[in-house]
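> Here you go, work23.pdb (PDB, C-alpha atoms and all ligand atoms):
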MODEL        1
ATOM      1  CA  MET A   1      18.868  57.198 171.204  1.00  0.00           C
ATOM      2  CA  LYS A   2      16.519  59.588 172.987  1.00  0.00           C
ATOM      3  CA  CYS A   3      13.055  60.022 171.540  1.00  0.00           C
ATOM      4  CA  PRO A   4      12.733  63.680 170.407  1.00  0.00           C
ATOM      5  CA  PHE A   5       9.069  63.676 171.461  1.00  0.00           C
ATOM      6  CA  CYS A   6       8.990  62.152 174.925  1.00  0.00           C
ATOM      7  CA  GLY A   7      12.689  61.964 175.795  1.00  0.00           C
ATOM      8  CA  LYS A   8      12.688  58.265 176.673  1.00  0.00           C
ATOM      9  CA  GLU A   9      15.628  56.224 175.511  1.00  0.00           C
ATOM     10  CA  ASP A  10      14.023  53.123 174.135  1.00  0.00           C
ATOM     11  CA  SER A  11      13.256  52.909 170.442  1.00  0.00           C
ATOM     12  CA  LYS A  12      13.143  50.201 167.860  1.00  0.00           C
ATOM     13  CA  VAL A  13      14.426  50.345 164.317  1.00  0.00           C
ATOM     14  CA  ILE A  14      11.635  49.837 161.834  1.00  0.00           C
ATOM     15  CA  ASP A  15      13.566  50.493 158.655  1.00  0.00           C
ATOM     16  CA  SER A  16      17.243  50.775 157.708  1.00  0.00           C
ATOM     17  CA  ARG A  17      18.599  51.823 154.375  1.00  0.00           C
ATOM     18  CA  PRO A  18      21.691  53.416 152.910  1.00  0.00           C
ATOM     19  CA  ALA A  19      21.345  57.160 152.408  1.00  0.00           C
ATOM     20  CA  ASP A  20      21.918  58.685 148.977  1.00  0.00           C
ATOM     21  CA  ASP A  21      25.538  59.549 149.685  1.00  0.00           C
ATOM     22  CA  GLY A  22      26.327  55.880 150.274  1.00  0.00           C
ATOM     23  CA  LEU A  23      28.295  56.890 153.350  1.00  0.00           C
ATOM     24  CA  SER A  24      25.522  56.803 155.868  1.00  0.00           C
ATOM     25  CA  ILE A  25      22.640  54.633 156.950  1.00  0.00           C
ATOM     26  CA  ARG A  26      19.241  56.145 157.466  1.00  0.00           C
ATOM     27  CA  ARG A  27      17.179  54.482 160.164  1.00  0.00           C
ATOM     28  CA  ARG A  28      13.517  54.965 160.883  1.00  0.00           C
ATOM     29  CA  ARG A  29      12.900  54.419 164.565  1.00  0.00           C
ATOM     30  CA  GLN A  30       9.804  54.126 166.620  1.00  0.00           C
ATOM     31  CA  CYS A  31       9.695  55.061 170.270  1.00  0.00           C
ATOM     32  CA  VAL A  32       8.393  52.171 172.332  1.00  0.00           C
ATOM     33  CA  PHE A  33       6.774  54.577 174.809  1.00  0.00           C
ATOM     34  CA  CYS A  34       4.909  57.141 172.701  1.00  0.00           C
ATOM     35  CA  ASN A  35       5.041  55.249 169.394  1.00  0.00           C
ATOM     36  CA  LYS A  36       6.141  58.334 167.460  1.00  0.00           C
ATOM     37  CA  ARG A  37       8.605  57.882 164.662  1.00  0.00           C
ATOM     38  CA  PHE A  38      11.867  59.667 163.989  1.00  0.00           C
ATOM     39  CA  THR A  39      14.915  59.271 161.771  1.00  0.00           C
ATOM     40  CA  THR A  40      18.542  58.857 162.675  1.00  0.00           C
ATOM     41  CA  TYR A  41      21.614  58.764 160.487  1.00  0.00           C
ATOM     42  CA  GLU A  42      24.606  56.611 161.169  1.00  0.00           C
ATOM     43  CA  LYS A  43      27.811  57.806 159.565  1.00  0.00           C
ATOM     44  CA  ILE A  44      31.188  56.249 159.110  1.00  0.00           C
ATOM     45  CA  GLU A  45      33.821  58.270 160.863  1.00  0.00           C
ATOM     46  CA  ILE A  46      36.487  58.930 158.294  1.00  0.00           C
ATOM     47  CA  ILE A  47      39.862  59.906 159.645  1.00  0.00           C
ATOM     48  CA  PRO A  48      42.065  60.466 156.657  1.00  0.00           C
ATOM     49  CA  LEU A  49      45.654  59.502 157.086  1.00  0.00           C
ATOM     50  CA  VAL A  50      48.085  61.091 154.724  1.00  0.00           C
ATOM     51  CA  VAL A  51      51.319  59.442 153.722  1.00  0.00           C
ATOM     52  CA  ILE A  52      54.314  61.654 153.011  1.00  0.00           C
ATOM     53  CA  LYS A  53      56.356  60.189 150.221  1.00  0.00           C
ATOM     54  CA  LYS A  54      60.087  60.479 149.628  1.00  0.00           C
ATOM     55  CA  ASP A  55      59.652  63.460 147.338  1.00  0.00           C
ATOM     56  CA  PHE A  56      57.431  65.079 150.010  1.00  0.00           C
ATOM     57  CA  SER A  57      54.309  64.668 147.955  1.00  0.00           C
ATOM     58  CA  ARG A  58      51.280  63.528 149.913  1.00  0.00           C
ATOM     59  CA  GLN A  59      48.900  60.706 149.274  1.00  0.00           C
ATOM     60  CA  LEU A  60      45.922  59.284 151.127  1.00  0.00           C
ATOM     61  CA  TYR A  61      46.809  56.181 153.050  1.00  0.00           C
ATOM     62  CA  ASP A  62      45.775  53.061 151.173  1.00  0.00           C
ATOM     63  CA  ARG A  63      45.908  49.658 152.837  1.00  0.00           C
ATOM     64  CA  ARG A  64      46.009  47.928 149.456  1.00  0.00           C
ATOM     65  CA  LYS A  65      49.384  49.461 148.713  1.00  0.00           C
ATOM     66  CA  ILE A  66      51.003  47.888 151.751  1.00  0.00           C
ATOM     67  CA  GLU A  67      49.192  44.681 150.980  1.00  0.00           C
ATOM     68  CA  SER A  68      50.477  44.457 147.427  1.00  0.00           C
ATOM     69  CA  GLY A  69      54.030  45.187 148.559  1.00  0.00           C
ATOM     70  CA  ILE A  70      53.800  42.441 151.139  1.00  0.00           C
ATOM     71  CA  PHE A  71      52.240  39.992 148.708  1.00  0.00           C
ATOM     72  CA  ARG A  72      55.096  40.524 146.299  1.00  0.00           C
ATOM     73  CA  SER A  73      57.618  39.775 148.994  1.00  0.00           C
ATOM     74  CA  ILE A  74      55.927  36.657 150.373  1.00  0.00           C
ATOM     75  CA  ASN A  75      55.524  34.965 147.006  1.00  0.00           C
ATOM     76  CA  LYS A  76      55.966  31.196 147.505  1.00  0.00           C
ATOM     77  CA  ARG A  77      56.796  31.671 151.170  1.00  0.00           C
ATOM     78  CA  PRO A  78      54.882  29.772 153.865  1.00  0.00           C
ATOM     79  CA  ILE A  79      52.871  32.795 154.957  1.00  0.00           C
ATOM     80  CA  SER A  80      49.093  32.762 154.972  1.00  0.00           C
ATOM     81  CA  MET A  81      46.685  35.524 153.943  1.00  0.00           C
ATOM     82  CA  GLU A  82      45.557  35.573 157.507  1.00  0.00           C
ATOM     83  CA  GLN A  83      49.062  36.292 158.760  1.00  0.00           C
ATOM     84  CA  VAL A  84      49.359  39.111 156.259  1.00  0.00           C
ATOM     85  CA  SER A  85      46.095  40.706 157.232  1.00  0.00           C
ATOM     86  CA  SER A  86      46.785  40.455 160.946  1.00  0.00           C
ATOM     87  CA  MET A  87      50.215  41.945 160.320  1.00  0.00           C
ATOM     88  CA  ILE A  88      48.668  44.893 158.487  1.00  0.00           C
ATOM     89  CA  ASP A  89      46.060  45.243 161.235  1.00  0.00           C
ATOM     90  CA  SER A  90      48.732  45.677 163.845  1.00  0.00           C
ATOM     91  CA  ILE A  91      50.727  48.067 161.658  1.00  0.00           C
ATOM     92  CA  GLU A  92      47.577  50.114 161.119  1.00  0.00           C
ATOM     93  CA  SER A  93      46.661  50.183 164.757  1.00  0.00           C
ATOM     94  CA  GLU A  94      50.143  51.499 165.444  1.00  0.00           C
ATOM     95  CA  ILE A  95      50.140  54.246 162.833  1.00  0.00           C
ATOM     96  CA  PHE A  96      46.572  55.285 163.608  1.00  0.00           C
ATOM     97  CA  SER A  97      47.358  55.469 167.305  1.00  0.00           C
ATOM     98  CA  TYR A  98      49.886  58.283 166.832  1.00  0.00           C
ATOM     99  CA  GLY A  99      47.064  60.726 166.303  1.00  0.00           C
ATOM    100  CA  ASP A 100      49.090  62.372 163.560  1.00  0.00           C
ATOM    101  CA  ARG A 101      47.333  62.867 160.289  1.00  0.00           C
ATOM    102  CA  GLU A 102      50.571  62.525 158.375  1.00  0.00           C
ATOM    103  CA  VAL A 103      53.000  59.640 158.432  1.00  0.00           C
ATOM    104  CA  PRO A 104      56.159  59.347 156.319  1.00  0.00           C
ATOM    105  CA  SER A 105      56.037  56.396 153.922  1.00  0.00           C
ATOM    106  CA  SER A 106      59.487  55.405 155.161  1.00  0.00           C
ATOM    107  CA  HIS A 107      58.057  54.907 158.623  1.00  0.00           C
ATOM    108  CA  ILE A 108      55.354  52.574 157.329  1.00  0.00           C
ATOM    109  CA  GLY A 109      58.021  50.710 155.398  1.00  0.00           C
ATOM    110  CA  GLU A 110      60.081  50.292 158.559  1.00  0.00           C
ATOM    111  CA  LEU A 111      57.088  48.897 160.413  1.00  0.00           C
ATOM    112  CA  VAL A 112      56.395  46.396 157.663  1.00  0.00           C
ATOM    113  CA  LEU A 113      60.043  45.370 157.737  1.00  0.00           C
ATOM    114  CA  GLU A 114      59.948  44.916 161.474  1.00  0.00           C
ATOM    115  CA  HIS A 115      56.958  42.608 161.227  1.00  0.00           C
ATOM    116  CA  LEU A 116      58.308  40.678 158.267  1.00  0.00           C
ATOM    117  CA  LYS A 117      61.611  40.180 159.972  1.00  0.00           C
ATOM    118  CA  ALA A 118      59.889  38.335 162.779  1.00  0.00           C
ATOM    119  CA  LEU A 119      57.936  36.255 160.302  1.00  0.00           C
ATOM    120  CA  ASP A 120      60.189  35.254 157.430  1.00  0.00           C
ATOM    121  CA  SER A 121      63.699  36.364 156.523  1.00  0.00           C
ATOM    122  CA  VAL A 122      63.323  35.823 152.778  1.00  0.00           C
ATOM    123  CA  ALA A 123      60.202  37.965 152.672  1.00  0.00           C
ATOM    124  CA  TYR A 124      61.994  40.541 154.774  1.00  0.00           C
ATOM    125  CA  ILE A 125      64.903  40.828 152.316  1.00  0.00           C
ATOM    126  CA  ARG A 126      62.569  40.991 149.351  1.00  0.00           C
ATOM    127  CA  PHE A 127      60.450  43.698 150.899  1.00  0.00           C
ATOM    128  CA  ALA A 128      63.521  45.680 151.850  1.00  0.00           C
ATOM    129  CA  SER A 129      64.878  45.480 148.323  1.00  0.00           C
ATOM    130  CA  ILE A 130      61.606  46.737 146.879  1.00  0.00           C
ATOM    131  CA  TYR A 131      61.098  49.546 149.339  1.00  0.00           C
ATOM    132  CA  GLN A 132      64.524  50.778 150.143  1.00  0.00           C
ATOM    133  CA  GLU A 133      65.603  50.808 146.512  1.00  0.00           C
ATOM    134  CA  PHE A 134      69.205  50.048 147.251  1.00  0.00           C
ATOM    135  CA  ASP A 135      71.545  52.537 145.688  1.00  0.00           C
ATOM    136  CA  ASP A 136      74.515  50.279 145.998  1.00  0.00           C
ATOM    137  CA  ALA A 137      75.653  46.870 147.137  1.00  0.00           C
ATOM    138  CA  ASP A 138      76.883  48.230 150.477  1.00  0.00           C
ATOM    139  CA  THR A 139      73.400  49.086 151.618  1.00  0.00           C
ATOM    140  CA  PHE A 140      72.294  45.586 150.826  1.00  0.00           C
ATOM    141  CA  VAL A 141      75.205  44.011 152.669  1.00  0.00           C
ATOM    142  CA  GLU A 142      74.420  46.271 155.610  1.00  0.00           C
ATOM    143  CA  LEU A 143      70.861  44.993 155.639  1.00  0.00           C
ATOM    144  CA  ILE A 144      71.928  41.372 155.608  1.00  0.00           C
ATOM    145  CA  ARG A 145      74.280  42.138 158.454  1.00  0.00           C
ATOM    146  CA  LYS A 146      71.475  43.698 160.454  1.00  0.00           C
ATOM    147  CA  LEU A 147      69.327  40.666 159.798  1.00  0.00           C
ATOM    148  CA  LYS A 148      71.963  38.375 161.164  1.00  0.00           C
ATOM    149  CA  GLY A 149      72.169  40.578 164.205  1.00  0.00           C
ATOM    150  CA  ASP A 150      75.871  41.440 163.935  1.00  0.00           C
TER     151      ASP A 150
HETATM  152 ZN    ZN M 201       8.749  58.797 172.639  1.00  0.00          ZN
ENDMDL
END
Show this structure as structure tokens.
Ligand SMILES: [Zn+2]


Amino acid sequence: MKCPFCGKEDSKVIDSRPADDGLSIRRRRQCVFCNKRFTTYEKIEIIPLVVIKKDFSRQLYDRRKIESGIFRSINKRPISMEQVSSMIDSIESEIFSYGDREVPSSHIGELVLEHLKALDSVAYIRFASIYQEFDDADTFVELIRKLKGD
């Protein structure tokens, strides 16, 4: 951070505190060359991701929603919290890498299914039955068939 007085790039932080908005950190810095003080603000970069639901309504992306869906499907399965959070991390890095601000909820569901399939077939079936809301038995049979790889 360049000193606004002498232009040198070396300063030390003498005080750090959250700003009133709670979304930024205010830092008092002191230039190590001219000893003058200045303030910088560090802000969280918020990139909102919007999820398009089946009825085309939009909702802000919320990691906890995926998490709770996954937790329901892994109940009593040998899957650790750590596996779940690394699974969600990789799903997030995929959906955030598209650069689109809007992602259909069905797409997120598919990604979760893909990851669960590799991890545990029971959890996979459970998640699918929650999220795809089977209209009829055929859809379910179709899913089982896909799982078996026929
Ligand atoms: Zn300076």

> Could you tell me, as a PyMOL selection string, which residues have any atom at most 6 Å from (8.2, 63.8, 168.4), counting only C-alpha atoms?

chain A and resi 4-5+36

> Enter the distance from atom CA of A:Ser16 to atom CA of A:Phe33, in Å, rounded to one decimal.

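Interatomic distance, atom CA of A:Ser16 to atom CA of A:Phe33: 20.4 Å.
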
> Expressed in Å to a single decimal, how great is the separation between atom CA of A:Ser57 and atom CA of A:Ile108?

15.3 Å

> Neighbours of ligand ZN 201 (chain M) within 12 Å, counting only C-alpha atoms and all ligand atoms, as an MDAnalysis selection string?

chainID A and resid 1:12 29:38

> Out of A:Ser129, A:Ser121, A:Ser105, A:Ser24, which residue has the shortest atom-to-atom distance to A:Lys53 when counting only C-alpha atoms?

A:Ser105

> Would you mind telling me which residue in A:Pro78, A:Pro104, A:Glu42, A:Glu92 lies nearest to A:Asp55 when using all atoms listed in the file?

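Checking each candidate against A:Asp55, we get A:Pro104 as the closest.
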
> Which residues are close to A:Glu67, i.e. within 8 Å by all atoms listed in the file, leaving aside same-chain residues fewer than 4 positions away? Reply as a list in words.

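Counting all atoms listed in the file, the residues come to Arg63, Phe71, Val84 and Ile88 of chain A.
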
> Hey, what comes out of the PyMOL selection byres (((chain A and resi 15) around 7) and not hetatm) on this file? Could you write it as a PyMOL selection string?

chain A and resi 13-14+16-17+27-28

> Output the selection as a JSON list (two decimals), in the frame of the given file - C-alpha atoms for each residue.


[["chain", "number", "residue", "atom", "x", "y", "z"],
["A", 13, "VAL", "CA", 14.43, 50.34, 164.32],
["A", 14, "ILE", "CA", 11.64, 49.84, 161.83],
["A", 16, "SER", "CA", 17.24, 50.78, 157.71],
["A", 17, "ARG", "CA", 18.60, 51.82, 154.38],
["A", 27, "ARG", "CA", 17.18, 54.48, 160.16],
["A", 28, "ARG", "CA", 13.52, 54.96, 160.88]]

> Please evaluate the PyMOL selection byres (((chain A and resi 91) around 10) and not hetatm) against the structure above and give the resulting residues as a PyMOL selection string.

chain A and resi 66+85-90+92-97+108-109+111-112+114-115

> Report, in Å with one decimal, the straight-line distance from atom CA of A:Arg145 to atom CA of A:Arg72.

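Atom CA of A:Arg72 lies 22.8 Å from atom CA of A:Arg145.
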
> Starting from 3 Å padding per side, set up an axis-aligned box that covers all listed atoms of stretch 114-128 of chain A and hand over centre and edge lengths in Å, one decimal, as AutoDock Vina command-line options.


--center_x 60.9 --center_y 40.5 --center_z 156.1 --size_x 13.9 --size_y 16.4 --size_z 19.4

> In file coordinates, which residues lie within 12 Å of (56.9, 34.4, 154.9) using all atoms listed in the file, given as a PDB file with C-alpha atoms, in the coordinates of the input?


ATOM      1  CA  ILE A  70      53.800  42.441 151.139  1.00  0.00           C
ATOM      2  CA  PHE A  71      52.240  39.992 148.708  1.00  0.00           C
ATOM      3  CA  ARG A  72      55.096  40.524 146.299  1.00  0.00           C
ATOM      4  CA  SER A  73      57.618  39.775 148.994  1.00  0.00           C
ATOM      5  CA  ILE A  74      55.927  36.657 150.373  1.00  0.00           C
ATOM      6  CA  ASN A  75      55.524  34.965 147.006  1.00  0.00           C
ATOM      7  CA  LYS A  76      55.966  31.196 147.505  1.00  0.00           C
ATOM      8  CA  ARG A  77      56.796  31.671 151.170  1.00  0.00           C
ATOM      9  CA  PRO A  78      54.882  29.772 153.865  1.00  0.00           C
ATOM     10  CA  ILE A  79      52.871  32.795 154.957  1.00  0.00           C
ATOM     11  CA  SER A  80      49.093  32.762 154.972  1.00  0.00           C
ATOM     12  CA  MET A  81      46.685  35.524 153.943  1.00  0.00           C
ATOM     13  CA  GLU A  82      45.557  35.573 157.507  1.00  0.00           C
ATOM     14  CA  GLN A  83      49.062  36.292 158.760  1.00  0.00           C
ATOM     15  CA  VAL A  84      49.359  39.111 156.259  1.00  0.00           C
ATOM     16  CA  MET A  87      50.215  41.945 160.320  1.00  0.00           C
ATOM     17  CA  LEU A 113      60.043  45.370 157.737  1.00  0.00           C
ATOM     18  CA  HIS A 115      56.958  42.608 161.227  1.00  0.00           C
ATOM     19  CA  LEU A 116      58.308  40.678 158.267  1.00  0.00           C
ATOM     20  CA  LYS A 117      61.611  40.180 159.972  1.00  0.00           C
ATOM     21  CA  ALA A 118      59.889  38.335 162.779  1.00  0.00           C
ATOM     22  CA  LEU A 119      57.936  36.255 160.302  1.00  0.00           C
ATOM     23  CA  ASP A 120      60.189  35.254 157.430  1.00  0.00           C
ATOM     24  CA  SER A 121      63.699  36.364 156.523  1.00  0.00           C
ATOM     25  CA  VAL A 122      63.323  35.823 152.778  1.00  0.00           C
ATOM     26  CA  ALA A 123      60.202  37.965 152.672  1.00  0.00           C
ATOM     27  CA  TYR A 124      61.994  40.541 154.774  1.00  0.00           C
ATOM     28  CA  ILE A 125      64.903  40.828 152.316  1.00  0.00           C
ATOM     29  CA  ARG A 126      62.569  40.991 149.351  1.00  0.00           C
ATOM     30  CA  PHE A 127      60.450  43.698 150.899  1.00  0.00           C
TER      31      PHE A 127
END

> Of the candidates A:Tyr98, A:Thr40, A:Ile130, A:Lys146, which shows the shortest atom-to-atom distance to A:Gly69, using only C-alpha atoms?

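Nearest candidate to A:Gly69 out of A:Tyr98, A:Thr40, A:Ile130, A:Lys146: A:Ile130.
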
> Could you pull the residues within 8 Å of A:Val51, counting all atoms listed in the file, minus those fewer than 2 positions along the same chain, as an MDAnalysis selection string?

chainID A and resid 49 53 58:61 102:105
